[in-house]
>>> print(open('work-v4.pdb').read())   # PDB, C-alpha atoms and all ligand atoms
ATOM      1  CA  MET O  97     -85.696-148.173  27.784
ATOM      2  CA  LEU O  98     -85.344-151.770  28.925
ATOM      3  CA  SER O  99     -84.474-152.787  32.482
ATOM      4  CA  TRP O 100     -81.315-154.858  32.998
ATOM      5  CA  GLU O 101     -83.370-158.034  33.162
ATOM      6  CA  GLU O 102     -85.273-157.208  29.953
ATOM      7  CA  LEU O 103     -82.086-156.194  28.175
ATOM      8  CA  ILE O 104     -80.297-159.428  29.035
ATOM      9  CA  ILE O 105     -83.255-161.523  27.893
ATOM     10  CA  GLU O 106     -83.535-159.571  24.658
ATOM     11  CA  CYS O 107     -79.803-159.879  23.931
ATOM     12  CA  SER O 108     -79.867-163.593  24.744
ATOM     13  CA  ASN O 109     -82.621-164.149  22.177
ATOM     14  CA  CYS O 110     -81.225-161.715  19.601
ATOM     15  CA  MET O 111     -80.879-162.966  16.036
ATOM     16  CA  LYS O 112     -80.875-159.563  14.349
ATOM     17  CA  CYS O 113     -77.578-160.256  12.583
ATOM     18  CA  GLU O 114     -75.447-163.181  11.457
ATOM     19  CA  LEU O 115     -73.302-163.089  14.609
ATOM     20  CA  GLY O 116     -76.149-164.600  16.607
ATOM     21  CA  LYS O 117     -75.747-167.872  14.698
ATOM     22  CA  HIS O 118     -72.161-168.358  15.829
ATOM     23  CA  ARG O 119     -72.226-167.376  19.477
ATOM     24  CA  THR O 120     -71.782-169.706  22.441
ATOM     25  CA  ASN O 121     -72.782-166.977  24.887
ATOM     26  CA  ILE O 122     -73.979-163.440  24.644
ATOM     27  CA  VAL O 123     -71.487-161.002  26.226
ATOM     28  CA  VAL O 124     -73.367-158.074  27.748
ATOM     29  CA  GLY O 125     -70.928-156.540  30.222
ATOM     30  CA  ARG O 126     -69.287-156.775  33.626
ATOM     31  CA  GLY O 127     -68.431-154.449  36.479
ATOM     32  CA  SER O 128     -70.514-152.009  38.437
ATOM     33  CA  ARG O 129     -73.962-151.208  37.027
ATOM     34  CA  ASN O 130     -73.764-147.662  38.353
ATOM     35  CA  ALA O 131     -70.137-146.966  37.613
ATOM     36  CA  PRO O 132     -68.857-143.468  36.813
ATOM     37  CA  LEU O 133     -66.648-144.955  34.092
ATOM     38  CA  MET O 134     -67.668-147.087  31.115
ATOM     39  CA  LEU O 135     -65.081-148.841  28.943
ATOM     40  CA  ILE O 136     -66.170-149.956  25.495
ATOM     41  CA  GLY O 137     -64.285-152.464  23.352
ATOM     42  CA  GLU O 138     -64.996-154.011  19.973
ATOM     43  CA  GLY O 139     -66.552-157.414  20.421
ATOM     44  CA  PRO O 140     -66.100-160.678  22.311
ATOM     45  CA  GLY O 141     -63.159-162.925  21.471
ATOM     46  CA  GLN O 142     -62.900-166.669  21.987
ATOM     47  CA  GLN O 143     -62.558-166.608  25.784
ATOM     48  CA  GLU O 144     -65.306-164.022  26.148
ATOM     49  CA  ASP O 145     -67.667-166.057  23.976
ATOM     50  CA  LYS O 146     -66.899-169.122  26.089
ATOM     51  CA  GLN O 147     -67.397-167.394  29.449
ATOM     52  CA  GLY O 148     -70.063-164.834  28.540
ATOM     53  CA  LEU O 149     -67.940-162.012  29.998
ATOM     54  CA  PRO O 150     -66.025-159.211  28.266
ATOM     55  CA  PHE O 151     -62.261-158.807  28.398
ATOM     56  CA  VAL O 152     -61.359-162.050  30.148
ATOM     57  CA  GLY O 153     -58.720-163.180  27.597
ATOM     58  CA  ALA O 154     -55.197-161.898  26.900
ATOM     59  CA  ALA O 155     -56.292-158.336  26.047
ATOM     60  CA  GLY O 156     -58.430-158.295  29.184
ATOM     61  CA  LYS O 157     -55.457-159.240  31.362
ATOM     62  CA  LEU O 158     -53.544-156.261  29.980
ATOM     63  CA  LEU O 159     -56.500-153.998  30.536
ATOM     64  CA  ASP O 160     -56.715-155.219  34.147
ATOM     65  CA  LEU O 161     -53.053-154.270  34.620
ATOM     66  CA  LEU O 162     -53.686-150.758  33.293
ATOM     67  CA  LEU O 163     -56.700-150.308  35.539
ATOM     68  CA  ASP O 164     -54.898-151.760  38.584
ATOM     69  CA  ALA O 165     -51.908-149.486  37.999
ATOM     70  CA  GLN O 166     -54.203-146.452  38.246
ATOM     71  CA  GLU O 167     -56.069-147.985  41.184
ATOM     72  CA  ILE O 168     -59.314-147.959  39.230
ATOM     73  CA  THR O 169     -61.237-150.665  41.023
ATOM     74  CA  GLU O 170     -64.128-152.715  39.623
ATOM     75  CA  ASP O 171     -66.717-150.740  41.591
ATOM     76  CA  LYS O 172     -65.686-147.700  39.477
ATOM     77  CA  TYR O 173     -66.144-149.175  36.012
ATOM     78  CA  TYR O 174     -68.460-151.084  33.745
ATOM     79  CA  ILE O 175     -67.027-152.761  30.658
ATOM     80  CA  CYS O 176     -68.769-153.837  27.486
ATOM     81  CA  ASN O 177     -68.423-153.936  23.702
ATOM     82  CA  ILE O 178     -69.848-152.516  20.475
ATOM     83  CA  VAL O 179     -71.197-155.973  19.541
ATOM     84  CA  LYS O 180     -72.423-158.604  21.981
ATOM     85  CA  CYS O 181     -71.637-161.723  19.961
ATOM     86  CA  ARG O 182     -68.238-162.942  18.805
ATOM     87  CA  PRO O 183     -67.429-162.177  15.167
ATOM     88  CA  PRO O 184     -66.041-165.306  13.420
ATOM     89  CA  ASN O 185     -62.241-165.501  13.724
ATOM     90  CA  ASN O 186     -62.327-162.240  15.680
ATOM     91  CA  ARG O 187     -62.820-160.175  12.543
ATOM     92  CA  VAL O 188     -63.898-156.549  12.883
ATOM     93  CA  PRO O 189     -67.711-156.321  13.106
ATOM     94  CA  PHE O 190     -69.456-155.195   9.931
ATOM     95  CA  ASP O 191     -71.387-151.920   9.950
ATOM     96  CA  GLU O 192     -74.749-153.683   9.791
ATOM     97  CA  GLU O 193     -73.821-155.844  12.799
ATOM     98  CA  ALA O 194     -72.697-152.842  14.820
ATOM     99  CA  PHE O 195     -75.808-150.848  13.881
ATOM    100  CA  GLN O 196     -78.109-153.682  14.924
ATOM    101  CA  CYS O 197     -76.313-153.963  18.270
ATOM    102  CA  LEU O 198     -75.834-150.278  19.134
ATOM    103  CA  PRO O 199     -79.344-149.771  20.584
ATOM    104  CA  TYR O 200     -78.441-152.342  23.281
ATOM    105  CA  LEU O 201     -75.302-150.372  24.104
ATOM    106  CA  ARG O 202     -77.257-147.097  24.240
ATOM    107  CA  ASN O 203     -79.672-148.790  26.619
ATOM    108  CA  GLN O 204     -76.719-149.857  28.786
ATOM    109  CA  VAL O 205     -75.360-146.296  28.835
ATOM    110  CA  LYS O 206     -78.777-145.059  30.010
ATOM    111  CA  LEU O 207     -78.859-147.661  32.773
ATOM    112  CA  VAL O 208     -75.289-147.171  34.006
ATOM    113  CA  LYS O 209     -75.252-143.370  33.520
ATOM    114  CA  PRO O 210     -71.443-143.051  33.404
ATOM    115  CA  ARG O 211     -69.765-139.624  33.286
ATOM    116  CA  ILE O 212     -66.667-140.921  31.495
ATOM    117  CA  ILE O 213     -66.596-143.249  28.490
ATOM    118  CA  VAL O 214     -63.320-144.774  27.305
ATOM    119  CA  CYS O 215     -63.369-146.024  23.718
ATOM    120  CA  LEU O 216     -60.895-148.866  23.405
ATOM    121  CA  GLY O 217     -59.606-148.899  19.851
ATOM    122  CA  ASN O 218     -60.768-147.996  16.421
ATOM    123  CA  THR O 219     -64.094-149.811  16.336
ATOM    124  CA  ALA O 220     -65.391-148.251  19.563
ATOM    125  CA  MET O 221     -64.106-144.834  18.497
ATOM    126  CA  LYS O 222     -65.740-145.138  15.087
ATOM    127  CA  TYR O 223     -69.244-145.861  16.400
ATOM    128  CA  ILE O 224     -69.134-143.705  19.532
ATOM    129  CA  ILE O 225     -67.072-140.681  18.490
ATOM    130  CA  ASP O 226     -66.567-140.222  14.753
ATOM    131  CA  LYS O 227     -66.351-142.706  11.920
ATOM    132  CA  ASN O 228     -63.896-140.532  10.002
ATOM    133  CA  GLU O 229     -61.282-140.144  12.726
ATOM    134  CA  LYS O 230     -58.129-142.175  13.265
ATOM    135  CA  ILE O 231     -57.373-143.526  16.721
ATOM    136  CA  THR O 232     -53.678-142.632  16.367
ATOM    137  CA  GLN O 233     -54.656-138.988  15.864
ATOM    138  CA  ILE O 234     -57.296-138.437  18.497
ATOM    139  CA  ARG O 235     -56.254-140.793  21.302
ATOM    140  CA  GLY O 236     -55.412-139.196  24.603
ATOM    141  CA  TYR O 237     -57.619-136.127  24.118
ATOM    142  CA  TRP O 238     -60.842-135.545  25.977
ATOM    143  CA  ILE O 239     -64.002-134.927  23.986
ATOM    144  CA  GLU O 240     -66.910-133.446  25.937
ATOM    145  CA  ARG O 241     -70.241-134.388  24.431
ATOM    146  CA  LYS O 242     -73.812-134.511  25.729
ATOM    147  CA  GLY O 243     -72.636-134.482  29.340
ATOM    148  CA  PHE O 244     -70.103-137.279  28.821
ATOM    149  CA  TRP O 245     -66.317-137.084  28.885
ATOM    150  CA  LEU O 246     -65.121-139.309  26.040
ATOM    151  CA  MET O 247     -61.559-140.628  25.922
ATOM    152  CA  PRO O 248     -60.399-142.481  22.827
ATOM    153  CA  THR O 249     -57.395-144.739  23.383
ATOM    154  CA  PHE O 250     -55.840-147.847  21.895
ATOM    155  CA  HIS O 251     -57.389-151.266  22.175
ATOM    156  CA  PRO O 252     -55.346-153.298  24.691
ATOM    157  CA  ALA O 253     -54.833-155.996  22.027
ATOM    158  CA  ALA O 254     -52.828-153.408  20.063
ATOM    159  CA  LEU O 255     -50.302-153.409  22.915
ATOM    160  CA  LEU O 256     -49.806-157.128  22.453
ATOM    161  CA  ARG O 257     -48.673-156.413  18.893
ATOM    162  CA  ASP O 258     -46.778-153.163  19.498
ATOM    163  CA  GLU O 259     -45.023-152.537  22.823
ATOM    164  CA  SER O 260     -44.381-148.880  21.972
ATOM    165  CA  LYS O 261     -48.076-148.102  22.506
ATOM    166  CA  LYS O 262     -47.874-149.104  26.166
ATOM    167  CA  ALA O 263     -46.490-145.779  27.425
ATOM    168  CA  LEU O 264     -49.140-143.833  25.495
ATOM    169  CA  MET O 265     -51.977-145.949  26.786
ATOM    170  CA  TRP O 266     -50.558-145.635  30.281
ATOM    171  CA  GLN O 267     -50.734-141.825  29.933
ATOM    172  CA  ASP O 268     -54.334-142.055  28.690
ATOM    173  CA  PHE O 269     -55.368-144.125  31.704
ATOM    174  CA  LYS O 270     -53.628-141.652  33.985
ATOM    175  CA  LYS O 271     -55.860-138.936  32.504
ATOM    176  CA  VAL O 272     -58.895-141.118  33.104
ATOM    177  CA  LYS O 273     -57.933-141.527  36.757
ATOM    178  CA  GLN O 274     -57.399-137.757  37.079
ATOM    179  CA  LYS O 275     -60.817-137.092  35.589
ATOM    180  CA  LEU O 276     -62.400-139.588  37.985
ATOM    181  CA  ASN O 277     -60.721-137.765  40.872
ATOM    182  CA  GLU O 278     -61.925-134.388  39.580
ATOM    183  CA  ILE O 279     -65.514-135.520  39.211
ATOM    184  CA  TYR O 280     -65.815-137.577  42.407
TER     185      TYR O 280
HETATM  186  N1  LIG O 301     -61.621-157.533  22.741
HETATM  187  C1  LIG O 301     -62.717-156.756  22.804
HETATM  188  O1  LIG O 301     -62.848-155.773  22.093
HETATM  189  N2  LIG O 301     -63.644-157.097  23.658
HETATM  190  C2  LIG O 301     -63.551-158.132  24.464
HETATM  191  O2  LIG O 301     -64.464-158.356  25.236
HETATM  192  C3  LIG O 301     -62.384-158.914  24.393
HETATM  193  C4  LIG O 301     -61.442-158.596  23.531
END
>>> encode(input="work-v4.pdb", output="structure tokens", more="lines below")
Ligand code: URA
Amino acid sequence: MLSWEELIIECSNCMKCELGKHRTNIVVGRGSRNAPLMLIGEGPGQQEDKQGLPFVGAAGKLLDLLLDAQEITEDKYYICNIVKCRPPNNRVPFDEEAFQCLPYLRNQVKLVKPRIIVCLGNTAMKYIIDKNEKITQIRGYWIERKGFWLMPTFHPAALLRDESKKALMWQDFKKVKQKLNEIY
């Protein structure tokens, strides 16, 4: 297992897949490095690539609102993505890109040691929970696995396209807050 410093250096030099050629900045994560809650998205967008931080664009603003509404403060969560470099035109990462990047994410999970992991959207659900599931079918239900509580929910960008998902995602975040209260 790499230390935080080693991990960041390794990610910064990573050229294991095509995405490395296009990045401005590597996007490793933000938030508390010993948070009880880890949120995992898909991959950096334009703003994230520019700033080197996850979820700082439009989807990130929505996510902040959801977290604020449940009074989940930044000391309680760490946020990151399946891939650490921006896919061109924000396309979904290819399997080979995700598989090259996943060991970095596993390393991050070992360092942060969260109890709860929220998978934001299909891509995170596919690589963390089950590649054959559909987010619309399993969102909102807890999955207990290897000592983690996994919660699949929508990606906040999906709310930008479809307002009707807002209430459902709100409920999912309420469950996350309840679980945090139960555990801590
Ligand atoms: N969407 C993601 O999945 N991750 C980000 O960091 C930003 C937008």
>>> closest_residue(input="work-v4.pdb", among="O:Lys117, O:Asp164, O:Val179, O:Leu98", to="ligand LIG 301 (chain O)", atoms="only C-alpha atoms and all ligand atoms")
O:Val179
>>> atom_distance(input="work-v4.pdb", atom1="CA of Lys242 (chain O)", atom2="CA of Tyr223 (chain O)")
15.4 Å
>>> resolve_selection(input="work-v4.pdb", expression="the PyMOL selection byres (((chain O and resi 142) around 9) and not hetatm)", output="list of chain:residue names")
O:Pro140, O:Gly141, O:Gln143, O:Glu144, O:Asp145, O:Lys146, O:Gln147, O:Gly153, O:Arg182, O:Asn185, O:Asn186
>>> write_last_selection(input="work-v4.pdb", atoms="C-alpha atoms", output="PDB file, in the frame of the given file")
ATOM      1  CA  PRO O 140     -66.100-160.678  22.311  1.00  0.00           C
ATOM      2  CA  GLY O 141     -63.159-162.925  21.471  1.00  0.00           C
ATOM      3  CA  GLN O 143     -62.558-166.608  25.784  1.00  0.00           C
ATOM      4  CA  GLU O 144     -65.306-164.022  26.148  1.00  0.00           C
ATOM      5  CA  ASP O 145     -67.667-166.057  23.976  1.00  0.00           C
ATOM      6  CA  LYS O 146     -66.899-169.122  26.089  1.00  0.00           C
ATOM      7  CA  GLN O 147     -67.397-167.394  29.449  1.00  0.00           C
ATOM      8  CA  GLY O 153     -58.720-163.180  27.597  1.00  0.00           C
ATOM      9  CA  ARG O 182     -68.238-162.942  18.805  1.00  0.00           C
ATOM     10  CA  ASN O 185     -62.241-165.501  13.724  1.00  0.00           C
ATOM     11  CA  ASN O 186     -62.327-162.240  15.680  1.00  0.00           C
TER      12      ASN O 186
END
>>> atom_distance(input="work-v4.pdb", atom1="CA of Ala155 (chain O)", atom2="atom C3 of ligand LIG 301 (chain O)")
6.3 Å
>>> resolve_selection(input="work-v4.pdb", expression="the PyMOL selection byres (((not hetatm)) within 8 of (chain O and resi 301))", output="ChimeraX atom specification")
/O:123,136-141,143-144,149-156,176-178,216-217,251-253
>>> residues_around(input="work-v4.pdb", residues="Ile213 (chain O)", least_positions_apart="5", cutoff="7 Å", atoms="only C-alpha atoms", output="list of chain:residue names")
O:Leu133, O:Met134, O:Leu135, O:Phe244, O:Trp245, O:Leu246, O:Met247
>>> resolve_selection(input="work-v4.pdb", expression="the PyMOL selection byres (((chain O and resi 163) around 12) and not hetatm)", output="PyMOL selection string")
chain O and resi 133+135+156-162+164-175+214+252+265-273
>>> closest_residue(input="work-v4.pdb", among="O:Leu201, O:Leu207, O:Ala220, O:Cys107", to="Arg119 (chain O)", atoms="only C-alpha atoms")
O:Cys107
>>> atom_distance(input="work-v4.pdb", atom1="CA of Val208 (chain O)", atom2="CA of Trp100 (chain O)")
9.8 Å
>>> residues_near_point(input="work-v4.pdb", point="(-70.6, -142.4, 33.8)", cutoff="6 Å", atoms="all atoms listed in the file", output="PDB file with C-alpha atoms, in the frame of the given file")
ATOM      1  CA  ALA O 131     -70.137-146.966  37.613  1.00  0.00           C
ATOM      2  CA  PRO O 132     -68.857-143.468  36.813  1.00  0.00           C
ATOM      3  CA  LEU O 133     -66.648-144.955  34.092  1.00  0.00           C
ATOM      4  CA  LYS O 209     -75.252-143.370  33.520  1.00  0.00           C
ATOM      5  CA  PRO O 210     -71.443-143.051  33.404  1.00  0.00           C
ATOM      6  CA  ARG O 211     -69.765-139.624  33.286  1.00  0.00           C
ATOM      7  CA  ILE O 212     -66.667-140.921  31.495  1.00  0.00           C
TER       8      ILE O 212
END
